[in-house]
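The file final-v3.cif comes next; it holds mmCIF, C-alpha atoms and all ligand atoms.
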data_my_file
#
loop_
_atom_site.label_atom_id
_atom_site.label_comp_id
_atom_site.auth_asym_id
_atom_site.auth_seq_id
_atom_site.Cartn_x
_atom_site.Cartn_y
_atom_site.Cartn_z
CA MET A 1 33.48 -6.20 -50.35
CA ALA A 2 31.49 -4.05 -47.94
CA ARG A 3 31.65 -5.13 -44.33
CA ARG A 4 28.91 -7.65 -43.70
CA ARG A 5 26.99 -8.21 -40.53
CA LEU A 6 28.00 -11.40 -38.78
CA VAL A 7 24.91 -13.32 -37.71
CA TYR A 8 26.46 -16.39 -36.11
CA GLU A 9 29.88 -18.01 -35.81
CA GLY A 10 30.08 -21.75 -35.21
CA LYS A 11 32.94 -24.22 -35.03
CA ALA A 12 33.32 -24.78 -38.79
CA LYS A 13 31.12 -22.10 -40.38
CA ILE A 14 30.16 -18.44 -40.17
CA LEU A 15 26.79 -16.98 -41.16
CA TYR A 16 26.59 -13.44 -42.52
CA GLU A 17 23.57 -11.38 -43.41
CA GLY A 18 22.67 -11.99 -47.07
CA PRO A 19 22.11 -9.49 -49.89
CA GLU A 20 18.30 -9.98 -49.96
CA PRO A 21 15.77 -10.28 -47.15
CA ASP A 22 15.49 -13.85 -45.86
CA THR A 23 18.90 -14.85 -47.20
CA LEU A 24 22.20 -15.56 -45.46
CA ILE A 25 25.75 -16.19 -46.59
CA GLN A 26 27.24 -19.40 -45.25
CA HIS A 27 31.05 -19.27 -45.01
CA PHE A 28 33.04 -22.50 -44.62
CA LYS A 29 36.14 -22.31 -42.37
CA ASP A 30 39.14 -24.67 -42.37
CA ASP A 31 38.60 -25.55 -38.70
CA ALA A 32 37.89 -29.10 -37.64
CA THR A 33 36.63 -29.92 -34.18
CA ALA A 34 35.69 -33.16 -32.46
CA GLY A 35 34.48 -34.25 -29.05
CA ASN A 36 32.30 -31.14 -28.71
CA GLY A 37 35.22 -28.82 -29.41
CA GLU A 38 37.79 -30.56 -27.17
CA LYS A 39 39.94 -31.41 -30.17
CA HIS A 40 40.67 -28.68 -32.72
CA ALA A 41 42.85 -28.31 -35.82
CA ILE A 42 42.99 -26.38 -39.06
CA PHE A 43 43.30 -28.13 -42.43
CA ASP A 44 44.20 -25.88 -45.37
CA GLY A 45 41.45 -26.09 -47.96
CA LYS A 46 38.90 -28.06 -45.91
CA GLY A 47 36.37 -25.21 -46.03
CA VAL A 48 36.71 -24.93 -49.79
CA LEU A 49 36.15 -28.66 -50.18
CA ASN A 50 33.11 -28.76 -47.90
CA ASN A 51 31.59 -25.77 -49.68
CA ARG A 52 31.91 -27.63 -53.00
CA ILE A 53 30.81 -31.04 -51.69
CA SER A 54 27.81 -29.60 -49.83
CA GLU A 55 26.82 -27.60 -52.93
CA HIS A 56 26.98 -30.78 -55.03
CA VAL A 57 24.80 -32.72 -52.60
CA MET A 58 22.26 -29.93 -52.06
CA LEU A 59 21.92 -29.35 -55.82
CA GLY A 60 21.28 -33.06 -56.26
CA LEU A 61 18.66 -33.05 -53.52
CA ASN A 62 16.97 -29.98 -55.01
CA ALA A 63 16.98 -31.71 -58.43
CA ILE A 64 15.02 -34.69 -57.09
CA GLY A 65 12.57 -32.49 -55.21
CA VAL A 66 13.99 -32.67 -51.70
CA PRO A 67 13.82 -29.08 -50.46
CA THR A 68 16.97 -27.51 -49.02
CA HIS A 69 18.07 -24.06 -47.92
CA PHE A 70 20.71 -23.92 -50.68
CA ILE A 71 20.37 -21.16 -53.31
CA LYS A 72 23.77 -20.93 -55.01
CA ARG A 73 27.49 -21.02 -54.39
CA LEU A 74 29.00 -17.54 -54.37
CA ASN A 75 32.74 -18.23 -54.28
CA MET A 76 35.27 -20.79 -53.05
CA ARG A 77 34.19 -20.56 -49.43
CA GLU A 78 30.70 -19.12 -49.44
CA GLN A 79 27.21 -20.00 -50.49
CA LEU A 80 23.94 -18.10 -50.52
CA ILE A 81 21.23 -19.82 -48.50
CA ARG A 82 17.66 -19.15 -47.42
CA ALA A 83 17.32 -17.97 -43.86
CA VAL A 84 15.31 -20.66 -42.07
CA GLU A 85 14.02 -21.09 -38.54
CA MET A 86 16.31 -23.86 -37.32
CA ILE A 87 14.81 -26.78 -35.44
CA PRO A 88 17.23 -27.32 -32.52
CA VAL A 89 17.68 -30.99 -33.24
CA GLU A 90 20.32 -33.01 -35.11
CA ILE A 91 18.86 -35.87 -37.12
CA VAL A 92 21.17 -38.87 -37.51
CA VAL A 93 20.42 -41.69 -39.94
CA ARG A 94 22.42 -44.92 -39.68
CA ASN A 95 22.78 -47.77 -42.15
CA VAL A 96 25.77 -49.51 -40.57
CA ALA A 97 26.78 -49.61 -36.90
CA ALA A 98 29.61 -47.18 -36.03
CA GLY A 99 30.60 -44.44 -33.60
CA SER A 100 28.32 -43.76 -30.68
CA LEU A 101 25.81 -46.47 -31.64
CA SER A 102 28.51 -49.14 -31.53
CA LYS A 103 29.76 -47.83 -28.20
CA ARG A 104 26.35 -47.45 -26.59
CA LEU A 105 24.89 -50.77 -27.68
CA GLY A 106 28.07 -52.85 -28.01
CA ILE A 107 27.53 -53.59 -31.70
CA GLU A 108 30.73 -54.07 -33.66
CA GLU A 109 31.55 -51.23 -36.09
CA GLY A 110 30.71 -52.27 -39.62
CA THR A 111 27.70 -54.42 -38.73
CA PRO A 112 24.93 -53.67 -41.26
CA LEU A 113 21.72 -52.55 -39.55
CA PRO A 114 18.46 -54.37 -40.40
CA ARG A 115 16.93 -51.05 -41.51
CA PRO A 116 17.91 -47.41 -41.46
CA ILE A 117 17.75 -46.17 -37.86
CA ILE A 118 16.91 -42.53 -37.14
CA GLU A 119 18.08 -40.81 -33.96
CA PHE A 120 17.65 -37.28 -32.63
CA TYR A 121 20.08 -35.18 -30.62
CA PHE A 122 19.24 -31.90 -28.89
CA LYS A 123 21.55 -29.17 -30.23
CA ASP A 124 23.15 -27.79 -27.09
CA ASP A 125 26.94 -27.61 -26.84
CA LYS A 126 26.84 -27.02 -23.07
CA LEU A 127 24.99 -30.30 -22.62
CA GLY A 128 27.11 -32.10 -25.26
CA ASP A 129 24.19 -32.59 -27.70
CA PRO A 130 22.33 -35.28 -25.71
CA MET A 131 20.29 -37.92 -27.49
CA VAL A 132 16.55 -37.31 -27.20
CA THR A 133 13.40 -39.06 -28.34
CA GLU A 134 10.40 -37.82 -30.30
CA GLU A 135 8.64 -37.50 -26.92
CA HIS A 136 11.13 -34.87 -25.73
CA ILE A 137 10.98 -32.98 -29.02
CA LEU A 138 7.18 -32.81 -28.91
CA ALA A 139 6.84 -32.20 -25.16
CA PHE A 140 9.33 -29.31 -25.17
CA ASN A 141 7.83 -27.90 -28.35
CA TRP A 142 11.06 -27.97 -30.34
CA ALA A 143 8.97 -29.28 -33.24
CA THR A 144 5.35 -30.17 -33.91
CA GLN A 145 4.07 -33.63 -34.86
CA GLN A 146 3.82 -32.41 -38.46
CA ASP A 147 7.44 -31.17 -38.34
CA MET A 148 8.51 -34.55 -36.94
CA ASP A 149 6.75 -36.48 -39.71
CA ASP A 150 8.27 -34.16 -42.32
CA MET A 151 11.77 -34.43 -40.78
CA ILE A 152 11.64 -38.23 -40.76
CA ALA A 153 10.42 -38.37 -44.38
CA LEU A 154 13.12 -35.87 -45.38
CA ALA A 155 15.86 -37.78 -43.56
CA LEU A 156 14.93 -41.06 -45.27
CA ARG A 157 14.86 -39.43 -48.71
CA VAL A 158 18.25 -37.85 -48.06
CA ASN A 159 19.52 -41.28 -46.95
CA ASP A 160 18.37 -42.94 -50.18
CA PHE A 161 19.80 -40.17 -52.32
CA LEU A 162 23.16 -40.04 -50.52
CA SER A 163 23.49 -43.85 -50.40
CA GLY A 164 23.10 -44.01 -54.19
CA LEU A 165 25.28 -40.97 -54.88
CA PHE A 166 28.18 -42.34 -52.85
CA LEU A 167 27.77 -45.99 -53.91
CA GLY A 168 28.14 -44.78 -57.51
CA VAL A 169 31.68 -43.64 -56.67
CA GLY A 170 32.66 -46.67 -54.58
CA ILE A 171 31.79 -45.22 -51.17
CA ARG A 172 29.56 -46.78 -48.51
CA LEU A 173 27.34 -44.34 -46.61
CA VAL A 174 27.57 -45.62 -43.02
CA ASP A 175 25.67 -42.79 -41.30
CA PHE A 176 25.15 -39.05 -41.46
CA LYS A 177 23.68 -36.07 -39.64
CA ILE A 178 21.40 -33.42 -41.06
CA GLU A 179 19.70 -30.38 -39.63
CA ALA A 180 16.33 -29.03 -40.67
CA GLY A 181 14.60 -25.67 -40.64
CA ARG A 182 11.21 -24.14 -41.34
CA VAL A 183 10.49 -21.80 -44.24
CA TRP A 184 7.25 -20.04 -45.04
CA GLU A 185 5.86 -19.81 -48.53
CA ASP A 186 2.82 -17.55 -48.30
CA ASP A 187 0.83 -19.11 -45.46
CA PHE A 188 2.29 -22.52 -46.06
CA GLN A 189 5.13 -23.78 -43.87
CA ARG A 190 7.56 -26.48 -44.86
CA ILE A 191 10.63 -28.23 -43.58
CA VAL A 192 13.85 -28.02 -45.58
CA VAL A 193 17.32 -29.50 -45.21
CA ALA A 194 19.65 -26.83 -43.77
CA ASP A 195 23.28 -26.53 -42.58
CA GLU A 196 25.67 -28.64 -44.67
CA ILE A 197 26.10 -32.18 -45.92
CA SER A 198 29.80 -33.02 -46.21
CA PRO A 199 32.37 -35.53 -44.95
CA ASP A 200 32.29 -33.54 -41.68
CA SER A 201 28.77 -34.82 -41.07
CA CYS A 202 28.78 -38.23 -42.82
CA ARG A 203 30.65 -41.48 -42.23
CA LEU A 204 31.99 -42.61 -45.58
CA TRP A 205 33.94 -45.85 -46.10
CA ASP A 206 35.58 -47.08 -49.28
CA VAL A 207 33.42 -49.97 -50.50
CA LYS A 208 36.37 -52.26 -51.24
CA THR A 209 38.96 -51.45 -48.60
CA GLY A 210 36.87 -49.94 -45.81
CA LYS A 211 39.23 -46.93 -45.75
CA LYS A 212 37.68 -44.01 -43.88
CA LEU A 213 36.93 -40.96 -46.03
CA ASP A 214 35.35 -38.64 -43.44
CA LYS A 215 35.96 -36.72 -40.21
CA ASP A 216 36.87 -39.92 -38.35
CA VAL A 217 40.29 -39.48 -40.03
CA PHE A 218 40.68 -36.46 -37.73
CA ARG A 219 38.80 -37.86 -34.72
CA ARG A 220 41.05 -40.96 -34.77
CA ASP A 221 44.30 -39.33 -36.03
CA LEU A 222 44.44 -41.34 -39.26
CA GLY A 223 45.78 -38.66 -41.62
CA ASP A 224 45.17 -35.30 -43.26
CA LEU A 225 41.54 -34.25 -43.55
CA ALA A 226 42.04 -32.01 -46.60
CA ASP A 227 43.65 -34.89 -48.54
CA THR A 228 40.79 -37.17 -47.50
CA TYR A 229 38.07 -34.71 -48.55
CA THR A 230 39.94 -34.03 -51.82
CA GLU A 231 39.57 -37.74 -52.57
CA VAL A 232 35.81 -37.60 -51.91
CA ALA A 233 35.41 -34.50 -54.10
CA THR A 234 37.50 -36.02 -56.88
CA ARG A 235 35.47 -39.24 -56.85
CA LEU A 236 32.26 -37.23 -57.01
CA GLY A 237 33.64 -35.50 -60.12
CA ILE A 238 33.70 -32.10 -58.45
CA LEU A 239 37.48 -31.71 -58.77
CA PRO A 240 39.60 -32.92 -61.66
CA ALA A 241 41.55 -36.09 -60.79
CA GLY A 242 44.72 -35.07 -58.95
CA GLY A 243 43.34 -31.58 -58.29
CA GLY A 244 43.39 -29.93 -54.90
CA ALA A 245 40.87 -27.52 -53.46
CA GLY A 246 41.94 -25.07 -56.19
CA GLU A 247 41.58 -21.98 -54.05
CA SER A 248 44.78 -20.22 -55.02
CA GLY A 249 46.19 -21.93 -58.06
CA PRO A 250 49.55 -23.52 -57.25
CA LYS A 251 49.58 -25.68 -54.15
CA LEU A 252 51.32 -24.16 -51.13
CA VAL A 253 54.52 -25.87 -50.14
CA HIS A 254 54.89 -25.93 -46.36
N1 LIG A 301 27.62 -36.11 -36.41
C1 LIG A 301 27.75 -34.77 -36.75
N2 LIG A 301 27.76 -33.83 -35.76
C2 LIG A 301 27.64 -34.13 -34.45
C3 LIG A 301 27.50 -35.49 -34.10
C4 LIG A 301 27.50 -36.44 -35.09
O1 LIG A 301 27.85 -34.45 -37.94
O2 LIG A 301 27.61 -33.21 -33.61
C5 LIG A 301 27.59 -37.15 -37.46
C6 LIG A 301 28.85 -37.99 -37.46
O3 LIG A 301 29.81 -37.45 -38.36
C7 LIG A 301 28.35 -39.32 -37.95
C8 LIG A 301 26.90 -39.37 -37.45
O4 LIG A 301 26.53 -38.02 -37.18
O5 LIG A 301 28.34 -39.36 -39.37
C9 LIG A 301 26.72 -40.22 -36.20
O6 LIG A 301 27.63 -39.79 -35.22
P1 LIG A 301 27.74 -40.58 -33.83
O7 LIG A 301 26.48 -40.44 -33.08
O8 LIG A 301 28.23 -41.96 -34.08
O9 LIG A 301 28.76 -39.74 -32.98
P2 LIG A 301 30.34 -39.68 -32.94
O10 LIG A 301 30.88 -41.04 -33.06
O11 LIG A 301 30.68 -38.78 -34.10
O12 LIG A 301 30.59 -39.05 -31.62
#
Would you encode the structure as structure tokens?
Amino acid sequence: MARRRLVYEGKAKILYEGPEPDTLIQHFKDDATAGNGEKHAIFDGKGVLNNRISEHVMLGLNAIGVPTHFIKRLNMREQLIRAVEMIPVEIVVRNVAAGSLSKRLGIEEGTPLPRPIIEFYFKDDKLGDPMVTEEHILAFNWATQQDMDDMIALALRVNDFLSGLFLGVGIRLVDFKIEAGRVWEDDFQRIVVADEISPDSCRLWDVKTGKKLDKDVFRRDLGDLADTYTEVATRLGILPAGGGAGESGPKLVH
């Protein structure tokens, strides 16, 4: 393939210029990081799995009318997406106490929350993605009031969709993070779900056993991330039972 122009390289993904104006190619790497990059490892096949899982989720969202940047998957590691103007905020939705919420407020992990709670974090690695409020977002002009209302509505719709999708395969959606961007259609601007939705950005627990099926397996040294994400993909029906990421036919023996 012709050499493509690299637009941005992040911790787990690379963006390349797309084939048409206003498109990009999103490439999923095998890298896993935690603690704002302090912890790093590579899991063979993780990028392939996240590409497939994120495709599955984005297609589902598109099918129920939740707009996303996703256009189509191109190959095992890449998908074609719409170029959007990213809003520099991470939107976290929580259904069950875990992670930083449990730590900050002293609520035991696993405690169901009385209602979904939405939080915002300013995307800035140097600052460690600090938590911010709607006041900061509006005052510093990271988003308008209309953007905020749209982002909250979007986040709650994604929460309902994901909760049902995962519950159907015996998985409890504890919390997740999404990112949003602006697209223009003629003179009309709207907010769409961008980035990825995968076990890197969700907390997923087995309904019966509570077993962790997400990036906490890496954060807390509980096992192999590729095996864990293979289980999620298999349950979602994306991979045949017992199948791996399927990138290169026979599984590599290390
Ligand atoms: N999350 C994420 N990227 C981040 C921070 C958080 O995808 O940079 C996700 C994380 O996987 C979890 C949710 O957002 O599903 C809430 O994370 P939390 O605030 O509890 O932070 P953590 O415990 O991961 O530090």
Check: Neighbours of region 140-153 of chain A within 7 Å (all atoms listed in the file; same-chain residues fewer than 3 positions away dropped), as a PyMOL selection string?
Finding: chain A and resi 87-88+136-137+156-157+191
Item checked: Given all atoms listed in the file as the counted atoms, nearest of A:Ile71, A:Leu173, A:Leu6, A:Leu154 to ligand LIG 301 (chain A) -> A:Leu173
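If one restricts the calculation to all atoms listed in the file, the set of residues situated within 8 Å of ligand LIG 301 (chain A) consists of Ala34, Gly35, Asn36, Glu90, Ile91, Val92, Val93, Arg94, Ala98, Gly99, Ser100, Leu101, Ser102, Asp129, Val174, Asp175, Phe176, Lys177, Ile178, Pro199, Asp200, Ser201, Cys202, Arg203, Leu204, Asp214, Lys215 and Asp216 of chain A.
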Checklist line | Nearest-residue call for Glu119 (chain A), choices A:Arg82, A:Val169, A:Glu179, A:Phe218, using all atoms listed in the file | finding: A:Glu179
Check: Which neighbours of region 222-239 of chain A fall inside 6 Å, counting all atoms listed in the file, when residues of the same chain fewer than 4 positions from it are skipped, and could you give them as a ChimeraX atom specification?
Finding: /A:43,46,169,213,217,243
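From CA of Ala180 (chain A) back to CA of Val89 (chain A), the distance works out to 7.8 Å.
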Note to self: I need the residue nearest Pro112 (chain A) from this list: A:Leu49, A:Val96, A:Ala12, A:Arg219. Use only C-alpha atoms for the distance.
What the structure shows: A:Val96
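Of the listed residues A:Leu24, A:Ile117, A:Arg182, A:Asp30, the one whose atoms come nearest to Lys72 (chain A) is A:Leu24, with distances taken using all atoms listed in the file.
Each of A:Phe70, A:Ala41, A:Ile81, A:Glu9 was checked against Pro21 (chain A) using only C-alpha atoms; the smallest atom-to-atom distance is that of A:Ile81.
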Margin query: What's the separation between CA of Val132 (chain A) and CA of His40 (chain A), in Å to one decimal place?
Written below: 26.2 Å
Item checked: One-decimal distance in Å that lies between CA of Gly37 (chain A) and CA of Leu15 (chain A) -> 18.7 Å
Margin query: When you look at Asp206 (chain A) with a cut-off of 9 Å (counting only C-alpha atoms), what residues show up, excluding the ones that are within fewer than 3 positions of it in the same chain? I need them as a VMD selection string.
Written below: chain A and resid 170 to 172 209 to 213
